[in-house]
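This is target_9.tsv. It holds TSV, C-alpha atoms.
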```tsv
chain	number	residue	atom	x	y	z
A	297	ASP	CA	-8.08	-131.44	57.48
A	298	GLU	CA	-11.50	-131.70	55.80
A	299	SER	CA	-12.10	-127.94	55.66
A	300	ALA	CA	-8.75	-127.36	53.94
A	301	LEU	CA	-9.50	-130.14	51.43
A	302	ASN	CA	-12.93	-128.67	50.67
A	303	LYS	CA	-11.39	-125.23	50.18
A	304	PHE	CA	-8.78	-126.67	47.82
A	305	MET	CA	-11.43	-128.57	45.81
A	306	LYS	CA	-13.58	-125.42	45.56
A	307	ILE	CA	-10.62	-123.45	44.18
A	308	LYS	CA	-9.80	-126.20	41.65
A	309	VAL	CA	-13.43	-126.41	40.45
A	310	GLU	CA	-13.57	-122.62	40.05
A	311	GLU	CA	-10.32	-122.69	38.05
A	312	ILE	CA	-11.69	-125.37	35.72
A	313	VAL	CA	-15.00	-123.56	35.21
A	314	ASN	CA	-13.37	-120.17	34.65
A	315	ASN	CA	-10.35	-121.24	32.59
A	316	GLU	CA	-11.06	-124.58	30.93
A	317	LEU	CA	-14.77	-125.26	30.52
A	318	LEU	CA	-15.44	-122.92	27.58
A	319	GLU	CA	-12.27	-124.01	25.80
A	320	ASN	CA	-13.23	-127.65	26.31
A	321	LEU	CA	-16.67	-127.11	24.82
A	322	CYS	CA	-15.11	-125.34	21.83
A	323	ASP	CA	-12.73	-128.28	21.28
A	324	LYS	CA	-15.68	-130.68	21.28
A	325	LEU	CA	-17.54	-128.62	18.66
A	326	ILE	CA	-14.40	-128.32	16.53
A	327	ALA	CA	-13.92	-132.10	16.59
A	328	GLU	CA	-17.52	-132.69	15.55
A	329	GLU	CA	-17.25	-130.20	12.67
A	330	PHE	CA	-13.84	-131.53	11.59
A	331	PHE	CA	-15.12	-135.00	10.76
A	332	LYS	CA	-17.98	-133.55	8.70
A	333	TYR	CA	-15.38	-132.41	6.18
A	334	VAL	CA	-12.58	-134.96	6.61
A	335	SER	CA	-12.93	-138.63	5.76
A	336	CYS	CA	-10.34	-141.09	7.08
A	337	ARG	CA	-9.91	-144.73	8.01
A	338	ALA	CA	-7.76	-144.13	11.09
A	339	LEU	CA	-6.94	-141.37	13.56
A	340	LEU	CA	-3.37	-141.29	14.88
A	341	THR	CA	-2.62	-139.23	18.00
A	342	THR	CA	0.35	-138.75	20.31
A	343	THR	CA	-1.17	-137.11	23.38
A	344	ASP	CA	-4.38	-139.09	23.99
A	345	PRO	CA	-6.14	-138.53	26.47
A	346	ASP	CA	-5.16	-134.84	26.44
A	347	SER	CA	-8.28	-132.62	26.53
A	348	LYS	CA	-7.36	-131.17	23.13
A	349	VAL	CA	-7.28	-134.65	21.60
A	350	ILE	CA	-9.85	-136.74	23.44
A	351	HIS	CA	-12.85	-135.16	21.67
A	352	PHE	CA	-11.36	-136.05	18.27
A	353	VAL	CA	-10.80	-139.63	19.43
A	354	LYS	CA	-14.34	-140.06	20.76
A	355	VAL	CA	-15.98	-138.52	17.67
A	356	ALA	CA	-13.82	-140.76	15.45
A	357	GLN	CA	-14.87	-143.82	17.43
A	358	SER	CA	-18.54	-142.86	17.08
A	359	LEU	CA	-17.96	-142.90	13.29
A	360	ASN	CA	-16.25	-146.33	13.44
A	361	ILE	CA	-12.86	-144.81	12.60
A	362	LYS	CA	-9.92	-146.77	14.03
A	363	THR	CA	-8.10	-144.76	16.70
A	364	ILE	CA	-4.41	-145.26	17.48
A	365	ALA	CA	-2.34	-143.57	20.21
A	366	LEU	CA	1.45	-143.47	20.10
A	367	GLN	CA	3.39	-143.56	23.36
A	368	HIS	CA	4.40	-139.98	24.02
A	369	GLY	CA	6.44	-140.17	27.20
A	370	VAL	CA	7.63	-142.32	30.09
A	371	MET	CA	4.85	-144.08	32.02
A	372	TRP	CA	4.93	-144.25	35.80
A	373	ASN	CA	3.62	-147.17	37.85
A	374	PRO	CA	1.13	-146.68	39.36
A	375	ALA	CA	-0.26	-144.33	36.72
A	376	PRO	CA	-3.40	-142.21	37.19
A	377	LEU	CA	-6.41	-142.77	34.94
A	378	SER	CA	-5.81	-139.27	33.55
A	379	VAL	CA	-2.92	-140.63	31.40
A	380	VAL	CA	-4.67	-143.76	30.12
A	381	PRO	CA	-5.53	-143.42	26.40
A	382	VAL	CA	-9.08	-143.94	25.17
A	383	SER	CA	-7.96	-144.95	21.65
A	384	ASP	CA	-8.58	-148.46	20.34
A	385	VAL	CA	-4.85	-149.25	20.17
A	386	PHE	CA	-1.86	-148.00	22.17
A	387	VAL	CA	1.52	-148.27	20.42
A	388	ALA	CA	4.38	-148.74	22.89
A	389	TRP	CA	7.96	-147.78	22.00
A	390	SER	CA	9.46	-151.26	22.19
A	391	LYS	CA	9.18	-154.75	23.73
A	392	ILE	CA	10.59	-153.39	26.98
A	393	ALA	CA	8.14	-150.46	26.94
A	394	LYS	CA	5.19	-152.81	26.33
A	395	LYS	CA	6.32	-155.10	29.15
A	396	TRP	CA	6.54	-152.13	31.51
A	397	VAL	CA	3.21	-150.56	30.48
A	398	SER	CA	1.50	-153.96	30.78
A	399	LYS	CA	2.39	-153.98	34.48
A	400	ILE	CA	0.42	-150.76	35.08
A	401	LYS	CA	-3.01	-151.68	36.44
A	402	ALA	CA	-4.71	-148.70	34.77
A	403	PHE	CA	-3.68	-150.20	31.40
A	404	ASP	CA	-5.27	-153.63	32.08
A	405	ASN	CA	-7.94	-153.20	29.39
A	406	ILE	CA	-5.78	-151.35	26.84
A	407	ASN	CA	-4.81	-153.06	23.57
A	408	ILE	CA	-1.02	-152.54	23.51
A	409	ILE	CA	1.13	-153.26	20.46
A	410	ILE	CA	4.84	-152.68	19.79
A	411	GLY	CA	6.04	-149.88	17.55
A	412	GLN	CA	9.47	-148.31	17.23
A	413	SER	CA	10.62	-145.30	19.16
A	414	PRO	CA	12.47	-142.50	17.37
A	415	PHE	CA	15.21	-143.18	19.92
A	416	HIS	CA	16.06	-146.41	18.09
A	417	ARG	CA	17.60	-144.31	15.34
A	418	LYS	CA	21.35	-144.03	15.33
A	419	ILE	CA	22.54	-140.72	16.74
A	420	SER	CA	26.17	-139.76	16.50
A	421	LYS	CA	27.96	-139.24	19.79
A	422	ALA	CA	28.54	-135.63	20.72
A	423	LYS	CA	32.14	-134.44	20.58
A	424	PRO	CA	33.74	-133.43	23.91
A	425	ARG	CA	33.73	-129.67	24.50
A	426	ARG	CA	36.78	-127.63	25.40
A	427	ALA	CA	35.61	-124.57	27.27
A	428	LYS	CA	36.60	-122.67	30.37
A	429	LYS	CA	33.08	-122.78	31.81
A	430	LEU	CA	31.01	-125.85	32.53
A	431	ARG	CA	27.87	-125.56	30.38
A	432	ILE	CA	24.83	-127.10	32.07
A	433	LEU	CA	21.70	-127.65	29.99
A	434	TYR	CA	18.46	-127.77	31.97
A	435	LEU	CA	15.53	-129.34	30.10
A	436	VAL	CA	12.25	-128.21	31.63
A	437	THR	CA	8.87	-129.72	30.83
A	438	ILE	CA	5.17	-128.89	31.21
A	439	VAL	CA	3.76	-128.97	34.73
A	440	ILE	CA	0.03	-129.54	35.20
A	441	LEU	CA	-0.26	-130.60	38.85
A	442	ASP	CA	1.54	-129.41	42.00
A	443	ILE	CA	2.88	-126.30	40.25
A	444	ASN	CA	3.96	-124.64	43.50
A	445	VAL	CA	5.74	-127.79	44.70
A	446	VAL	CA	7.66	-127.99	41.41
A	447	ALA	CA	8.56	-124.29	41.61
A	448	TYR	CA	9.89	-124.83	45.15
A	449	TYR	CA	12.21	-127.67	44.13
A	450	GLN	CA	13.33	-125.81	41.01
A	451	LYS	CA	14.34	-122.96	43.33
A	452	ARG	CA	16.28	-125.47	45.45
A	453	LEU	CA	18.01	-126.70	42.30
A	454	PHE	CA	19.06	-123.17	41.36
A	455	GLU	CA	20.34	-122.57	44.91
A	456	THR	CA	22.46	-125.72	44.62
A	457	LEU	CA	23.83	-124.77	41.19
A	458	LYS	CA	24.84	-121.29	42.33
A	459	LYS	CA	27.53	-122.92	44.50
A	460	LEU	CA	29.42	-123.53	41.25
A	461	GLY	CA	29.89	-119.78	40.99
A	462	LYS	CA	31.54	-118.37	37.90
A	463	SER	CA	32.91	-121.74	36.85
A	464	ALA	CA	29.60	-122.71	35.25
A	465	GLU	CA	26.77	-121.36	33.14
A	466	LEU	CA	23.20	-122.63	33.03
A	467	VAL	CA	21.24	-122.91	29.80
A	468	VAL	CA	17.50	-123.44	30.23
A	469	ARG	CA	15.41	-125.03	27.49
A	470	ILE	CA	11.65	-124.98	28.09
A	471	HIS	CA	8.82	-126.93	26.50
A	472	PRO	CA	7.30	-124.89	23.64
A	473	PHE	CA	3.81	-124.93	25.17
A	474	GLN	CA	4.51	-124.59	28.87
A	475	ASN	CA	3.77	-121.69	31.18
A	476	ASP	CA	7.26	-120.28	31.77
A	477	LYS	CA	6.40	-117.63	34.38
A	478	ASN	CA	8.04	-119.40	37.34
A	479	ILE	CA	11.16	-120.57	35.52
A	480	ARG	CA	11.76	-117.13	33.99
A	481	SER	CA	11.52	-115.59	37.45
A	482	LEU	CA	14.13	-118.07	38.74
A	483	VAL	CA	16.47	-117.31	35.84
A	484	ALA	CA	16.06	-113.55	36.30
A	485	ASN	CA	16.97	-113.78	39.99
A	486	SER	CA	19.65	-116.45	39.74
A	487	SER	CA	23.23	-115.68	40.78
A	488	ILE	CA	24.57	-118.27	38.32
A	489	HIS	CA	24.84	-116.99	34.76
A	490	SER	CA	21.65	-118.30	33.11
A	491	THR	CA	20.17	-117.99	29.63
A	492	PHE	CA	17.34	-119.52	27.61
A	493	ASP	CA	17.97	-121.65	24.56
A	494	ASN	CA	14.96	-122.47	22.42
A	495	ASN	CA	16.14	-121.13	19.09
A	496	GLU	CA	18.52	-123.98	18.26
A	497	SER	CA	17.64	-127.57	17.47
A	498	LEU	CA	17.54	-129.90	20.46
A	499	GLN	CA	20.49	-131.89	19.12
A	500	ASP	CA	22.66	-128.78	18.73
A	501	SER	CA	21.67	-127.61	22.20
A	502	ILE	CA	22.68	-130.94	23.73
A	503	GLU	CA	25.92	-131.12	21.77
A	504	LYS	CA	27.07	-127.70	23.04
A	505	SER	CA	26.55	-128.75	26.67
A	506	ASP	CA	28.86	-130.56	29.09
A	507	ILE	CA	26.13	-132.00	31.29
A	508	VAL	CA	22.33	-132.17	31.11
A	509	ILE	CA	19.73	-131.94	33.86
A	510	ALA	CA	16.38	-133.17	32.57
A	511	GLU	CA	12.90	-133.33	33.99
A	512	GLU	CA	10.33	-135.88	32.79
A	513	THR	CA	10.90	-135.42	29.06
A	514	THR	CA	11.70	-137.84	26.25
A	515	ALA	CA	14.56	-135.52	25.29
A	516	PHE	CA	16.31	-137.31	28.17
A	517	PHE	CA	16.87	-140.25	25.82
A	518	ASP	CA	18.44	-138.05	23.16
A	519	CYS	CA	20.99	-136.93	25.76
A	520	LEU	CA	21.83	-140.52	26.67
A	521	ASN	CA	22.05	-141.56	23.01
A	522	MET	CA	24.51	-138.73	22.38
A	523	GLY	CA	26.67	-139.84	25.29
A	524	LYS	CA	26.09	-136.78	27.47
A	525	PRO	CA	26.28	-137.13	31.27
A	526	THR	CA	22.62	-136.74	32.22
A	527	ILE	CA	20.89	-136.22	35.55
A	528	PHE	CA	17.17	-136.95	35.98
A	529	PHE	CA	15.62	-134.19	38.10
A	530	ASN	CA	12.18	-135.09	39.47
A	531	PRO	CA	10.71	-132.03	41.23
A	532	TYR	CA	7.79	-133.94	42.72
```
Let's see the structure in the file written out as structure tokens.
Amino acid sequence: DESALNKFMKIKVEEIVNNELLENLCDKLIAEEFFKYVSCRALLTTTDPDSKVIHFVKVAQSLNIKTIALQHGVMWNPAPLSVVPVSDVFVAWSKIAKKWVSKIKAFDNINIIIGQSPFHRKISKAKPRRAKKLRILYLVTIVILDINVVAYYQKRLFETLKKLGKSAELVVRIHPFQNDKNIRSLVANSSIHSTFDNNESLQDSIEKSDIVIAEETTAFFDCLNMGKPTIFFNPY
């Protein structure tokens, strides 16, 4: 109802003011100072319009510096305006990626060109493993919205995996910059043998696994390129 919505919006505004506003202002000042000392013809970013990046892009544009954003992840259709880059040019992974992004209404006024994804590189197929236990790699990514909903479905996933019992082990690999409080709690209380794996390279981590469960992360494509059975887990 309306009262619940108003309460939710009040909480979100308070969170932004208390946790993000000062940091955002600092990022804006840093961007302004940065271009006083650095001269360039173009600014290349990968996470535009992330709040850490957008100030650099806008300051660069005010100085007539060309701004270019590289496609960072998979785009959903419809896509919210919060993921639409503000850079002058958006570089899509491939012809297929450009065709897909061009269908997204929020990208109607974006200048899209074709680049080349790192996933076009040739990756050797992973060798089959011979182990007594099934090794499941779970690739977790950053969650910004609906954190509690995601945590709920992650818990459901762990409850499903525990049915495998001692015949399997779960290896969790988190995004380097994500808040891992919820996932660490799940691992600590899981009945399936679970560990974290962020010390090895992504390729080694995939190669040592029998099957991969991946959230919305471009590492998903590495798994496919290496020939690993891969399951897309969307906790939304």
List every protein, DNA or RNA residue with an atom no more than 10 Å from (-3.9, -151.2, 39.4) in the file's coordinates, counting all atoms listed in the file, and format the result as a PDB file with C-alpha atoms, keeping the file's coordinate frame.
```pdb
ATOM      1  CA  ASN A 373       3.620-147.170  37.850  1.00  0.00           C
ATOM      2  CA  PRO A 374       1.130-146.680  39.360  1.00  0.00           C
ATOM      3  CA  ALA A 375      -0.260-144.330  36.720  1.00  0.00           C
ATOM      4  CA  PRO A 376      -3.400-142.210  37.190  1.00  0.00           C
ATOM      5  CA  LEU A 377      -6.410-142.770  34.940  1.00  0.00           C
ATOM      6  CA  LYS A 399       2.390-153.980  34.480  1.00  0.00           C
ATOM      7  CA  ILE A 400       0.420-150.760  35.080  1.00  0.00           C
ATOM      8  CA  LYS A 401      -3.010-151.680  36.440  1.00  0.00           C
ATOM      9  CA  ALA A 402      -4.710-148.700  34.770  1.00  0.00           C
ATOM     10  CA  PHE A 403      -3.680-150.200  31.400  1.00  0.00           C
ATOM     11  CA  ASP A 404      -5.270-153.630  32.080  1.00  0.00           C
TER      12      ASP A 404
END
```
Using all atoms listed in the file, find each residue of segment 360-460 of chain A with at least one atom at most 12 Å away from an atom of segment 483-489 of chain A; report its shortest atom-to-atom pair and that distance in Å (one decimal), sort the rows by chain and rising residue number, and return the result as CSV.
```
residue,atom,partner,partner_atom,distance
A:Lys429,CA,A:His489,CA,10.5
A:Leu430,CA,A:His489,CA,11.0
A:Arg431,CA,A:His489,CA,10.1
A:Ile432,CA,A:His489,CA,10.5
A:Tyr434,CA,A:Val483,CA,11.3
A:Gln450,CA,A:Val483,CA,10.4
A:Lys451,CA,A:Ser486,CA,9.1
A:Arg452,CA,A:Ser486,CA,11.2
A:Leu453,CA,A:Ser486,CA,10.7
A:Phe454,CA,A:Ser486,CA,6.9
A:Glu455,CA,A:Ser486,CA,8.0
A:Thr456,CA,A:Ile488,CA,10.0
A:Leu457,CA,A:Ile488,CA,7.1
A:Lys458,CA,A:Ile488,CA,5.0
A:Lys459,CA,A:Ile488,CA,8.3
A:Leu460,CA,A:Ile488,CA,7.7
```
Hey, could you pull the box centre and edge lengths for segment 435-447 of chain A, axis-aligned, 6 Å padding per side, all listed atoms, to one decimal in Å, as lines of an AutoDock Vina configuration file?
```
center_x = 7.6
center_y = -127.4
center_z = 37.4
size_x = 27.8
size_y = 18.3
size_z = 26.6
```
Work out how far atom CA of Val387 of chain A is from atom CA of Ile410 of chain A, in Å to one decimal.
5.6 Å
In Å, with one decimal, what is the gap from atom CA of Tyr449 of chain A to atom CA of Phe492 of chain A?
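Calculated distance between atom CA of Tyr449 of chain A and atom CA of Phe492 of chain A is 19.1 Å.
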For atom CA of Thr341 of chain A and atom CA of Leu366 of chain A, quote the distance in Å rounded to one decimal.
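Answer for the atom CA of Thr341 of chain A to atom CA of Leu366 of chain A separation: 6.2 Å.
If only C-alpha atoms are the atoms counted, then among A:Gln499, A:Ile406, A:Ala510, A:Asp442 the closest residue to Ile470 of chain A is A:Ala510.
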Emit segment 432-529 of chain A of the structure in the block as a file comprising C-alpha atoms, as a PDB file, in the first residue's frame.
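part35.pdb, freshly written:
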```
ATOM      1  CA  ILE A 432      30.754 -27.206  -7.880  1.00  0.00           C
ATOM      2  CA  LEU A 433      32.013 -23.672  -8.472  1.00  0.00           C
ATOM      3  CA  TYR A 434      29.566 -20.920  -7.552  1.00  0.00           C
ATOM      4  CA  LEU A 435      30.370 -17.526  -9.096  1.00  0.00           C
ATOM      5  CA  VAL A 436      28.712 -14.763  -7.092  1.00  0.00           C
ATOM      6  CA  THR A 437      28.435 -11.155  -8.220  1.00  0.00           C
ATOM      7  CA  ILE A 438      27.704  -7.719  -6.746  1.00  0.00           C
ATOM      8  CA  VAL A 439      24.127  -7.061  -5.656  1.00  0.00           C
ATOM      9  CA  ILE A 440      22.888  -3.475  -5.480  1.00  0.00           C
ATOM     10  CA  LEU A 441      19.091  -3.843  -5.459  1.00  0.00           C
ATOM     11  CA  ASP A 442      16.792  -6.367  -3.759  1.00  0.00           C
ATOM     12  CA  ILE A 443      19.582  -7.617  -1.487  1.00  0.00           C
ATOM     13  CA  ASN A 444      17.201  -9.514   0.799  1.00  0.00           C
ATOM     14  CA  VAL A 445      15.442 -11.173  -2.146  1.00  0.00           C
ATOM     15  CA  VAL A 446      18.796 -12.342  -3.519  1.00  0.00           C
ATOM     16  CA  ALA A 447      19.859 -13.635  -0.095  1.00  0.00           C
ATOM     17  CA  TYR A 448      16.598 -15.605   0.144  1.00  0.00           C
ATOM     18  CA  TYR A 449      17.112 -17.369  -3.193  1.00  0.00           C
ATOM     19  CA  GLN A 450      20.776 -17.998  -2.444  1.00  0.00           C
ATOM     20  CA  LYS A 451      19.615 -19.749   0.730  1.00  0.00           C
ATOM     21  CA  ARG A 452      17.200 -21.819  -1.378  1.00  0.00           C
ATOM     22  CA  LEU A 453      20.090 -22.725  -3.671  1.00  0.00           C
ATOM     23  CA  PHE A 454      22.203 -23.912  -0.735  1.00  0.00           C
ATOM     24  CA  GLU A 455      19.258 -25.948   0.593  1.00  0.00           C
ATOM     25  CA  THR A 456      18.962 -27.641  -2.802  1.00  0.00           C
ATOM     26  CA  LEU A 457      22.693 -28.361  -3.047  1.00  0.00           C
ATOM     27  CA  LYS A 458      22.825 -29.922   0.418  1.00  0.00           C
ATOM     28  CA  LYS A 459      20.757 -32.826  -0.968  1.00  0.00           C
ATOM     29  CA  LEU A 460      23.953 -33.929  -2.725  1.00  0.00           C
ATOM     30  CA  GLY A 461      25.381 -34.719   0.694  1.00  0.00           C
ATOM     31  CA  LYS A 462      28.989 -35.821   0.949  1.00  0.00           C
ATOM     32  CA  SER A 463      29.209 -36.602  -2.757  1.00  0.00           C
ATOM     33  CA  ALA A 464      29.866 -32.945  -3.593  1.00  0.00           C
ATOM     34  CA  GLU A 465      31.771 -29.892  -2.442  1.00  0.00           C
ATOM     35  CA  LEU A 466      30.890 -26.272  -3.115  1.00  0.00           C
ATOM     36  CA  VAL A 467      33.514 -23.667  -3.953  1.00  0.00           C
ATOM     37  CA  VAL A 468      32.323 -20.065  -3.763  1.00  0.00           C
ATOM     38  CA  ARG A 469      34.076 -17.298  -5.686  1.00  0.00           C
ATOM     39  CA  ILE A 470      32.891 -13.775  -4.892  1.00  0.00           C
ATOM     40  CA  HIS A 471      33.331 -10.496  -6.731  1.00  0.00           C
ATOM     41  CA  PRO A 472      36.366  -8.621  -5.325  1.00  0.00           C
ATOM     42  CA  PHE A 473      34.317  -5.541  -4.405  1.00  0.00           C
ATOM     43  CA  GLN A 474      31.063  -7.022  -3.191  1.00  0.00           C
ATOM     44  CA  ASN A 475      29.618  -7.075   0.307  1.00  0.00           C
ATOM     45  CA  ASP A 476      30.069 -10.737   1.254  1.00  0.00           C
ATOM     46  CA  LYS A 477      28.261 -10.702   4.616  1.00  0.00           C
ATOM     47  CA  ASN A 478      25.226 -12.734   3.481  1.00  0.00           C
ATOM     48  CA  ILE A 479      27.118 -15.273   1.386  1.00  0.00           C
ATOM     49  CA  ARG A 480      29.679 -15.893   4.146  1.00  0.00           C
ATOM     50  CA  SER A 481      26.837 -16.533   6.581  1.00  0.00           C
ATOM     51  CA  LEU A 482      25.339 -19.080   4.172  1.00  0.00           C
ATOM     52  CA  VAL A 483      28.683 -20.843   3.748  1.00  0.00           C
ATOM     53  CA  ALA A 484      29.294 -20.913   7.504  1.00  0.00           C
ATOM     54  CA  ASN A 485      25.907 -22.539   8.138  1.00  0.00           C
ATOM     55  CA  SER A 486      25.809 -24.831   5.121  1.00  0.00           C
ATOM     56  CA  SER A 487      25.663 -28.605   5.576  1.00  0.00           C
ATOM     57  CA  ILE A 488      27.438 -29.134   2.243  1.00  0.00           C
ATOM     58  CA  HIS A 489      31.216 -28.790   2.453  1.00  0.00           C
ATOM     59  CA  SER A 490      31.839 -25.217   1.259  1.00  0.00           C
ATOM     60  CA  THR A 491      34.947 -23.085   0.841  1.00  0.00           C
ATOM     61  CA  PHE A 492      35.913 -19.758  -0.715  1.00  0.00           C
ATOM     62  CA  ASP A 493      38.257 -19.530  -3.667  1.00  0.00           C
ATOM     63  CA  ASN A 494      39.516 -16.070  -4.555  1.00  0.00           C
ATOM     64  CA  ASN A 495      43.252 -16.663  -4.362  1.00  0.00           C
ATOM     65  CA  GLU A 496      43.591 -18.524  -7.663  1.00  0.00           C
ATOM     66  CA  SER A 497      43.120 -17.143 -11.152  1.00  0.00           C
ATOM     67  CA  LEU A 498      39.603 -17.428 -12.546  1.00  0.00           C
ATOM     68  CA  GLN A 499      40.778 -19.818 -15.261  1.00  0.00           C
ATOM     69  CA  ASP A 500      42.428 -22.168 -12.741  1.00  0.00           C
ATOM     70  CA  SER A 501      39.351 -22.042 -10.544  1.00  0.00           C
ATOM     71  CA  ILE A 502      37.091 -23.005 -13.448  1.00  0.00           C
ATOM     72  CA  GLU A 503      39.436 -25.727 -14.657  1.00  0.00           C
ATOM     73  CA  LYS A 504      39.442 -27.453 -11.245  1.00  0.00           C
ATOM     74  CA  SER A 505      35.636 -27.600 -11.175  1.00  0.00           C
ATOM     75  CA  ASP A 506      33.217 -30.160 -12.604  1.00  0.00           C
ATOM     76  CA  ILE A 507      30.260 -27.816 -12.951  1.00  0.00           C
ATOM     77  CA  VAL A 508      29.734 -24.066 -12.570  1.00  0.00           C
ATOM     78  CA  ILE A 509      26.780 -22.130 -11.201  1.00  0.00           C
ATOM     79  CA  ALA A 510      27.061 -18.475 -12.200  1.00  0.00           C
ATOM     80  CA  GLU A 511      25.081 -15.365 -11.420  1.00  0.00           C
ATOM     81  CA  GLU A 512      25.029 -12.366 -13.764  1.00  0.00           C
ATOM     82  CA  THR A 513      28.765 -12.187 -14.428  1.00  0.00           C
ATOM     83  CA  THR A 514      30.822 -12.141 -17.610  1.00  0.00           C
ATOM     84  CA  ALA A 515      32.899 -14.965 -16.110  1.00  0.00           C
ATOM     85  CA  PHE A 516      29.959 -17.083 -17.306  1.00  0.00           C
ATOM     86  CA  PHE A 517      31.389 -16.841 -20.824  1.00  0.00           C
ATOM     87  CA  ASP A 518      34.811 -18.040 -19.692  1.00  0.00           C
ATOM     88  CA  CYS A 519      33.132 -21.178 -18.326  1.00  0.00           C
ATOM     89  CA  LEU A 520      31.357 -21.816 -21.623  1.00  0.00           C
ATOM     90  CA  ASN A 521      34.530 -21.172 -23.635  1.00  0.00           C
ATOM     91  CA  MET A 522      36.371 -23.716 -21.499  1.00  0.00           C
ATOM     92  CA  GLY A 523      33.679 -26.315 -22.101  1.00  0.00           C
ATOM     93  CA  LYS A 524      32.427 -26.507 -18.516  1.00  0.00           C
ATOM     94  CA  PRO A 525      28.786 -27.445 -17.853  1.00  0.00           C
ATOM     95  CA  THR A 526      27.389 -24.112 -16.649  1.00  0.00           C
ATOM     96  CA  ILE A 527      24.116 -23.171 -14.989  1.00  0.00           C
ATOM     97  CA  PHE A 528      22.868 -19.569 -14.987  1.00  0.00           C
ATOM     98  CA  PHE A 529      21.432 -18.780 -11.553  1.00  0.00           C
TER      99      PHE A 529
END
```
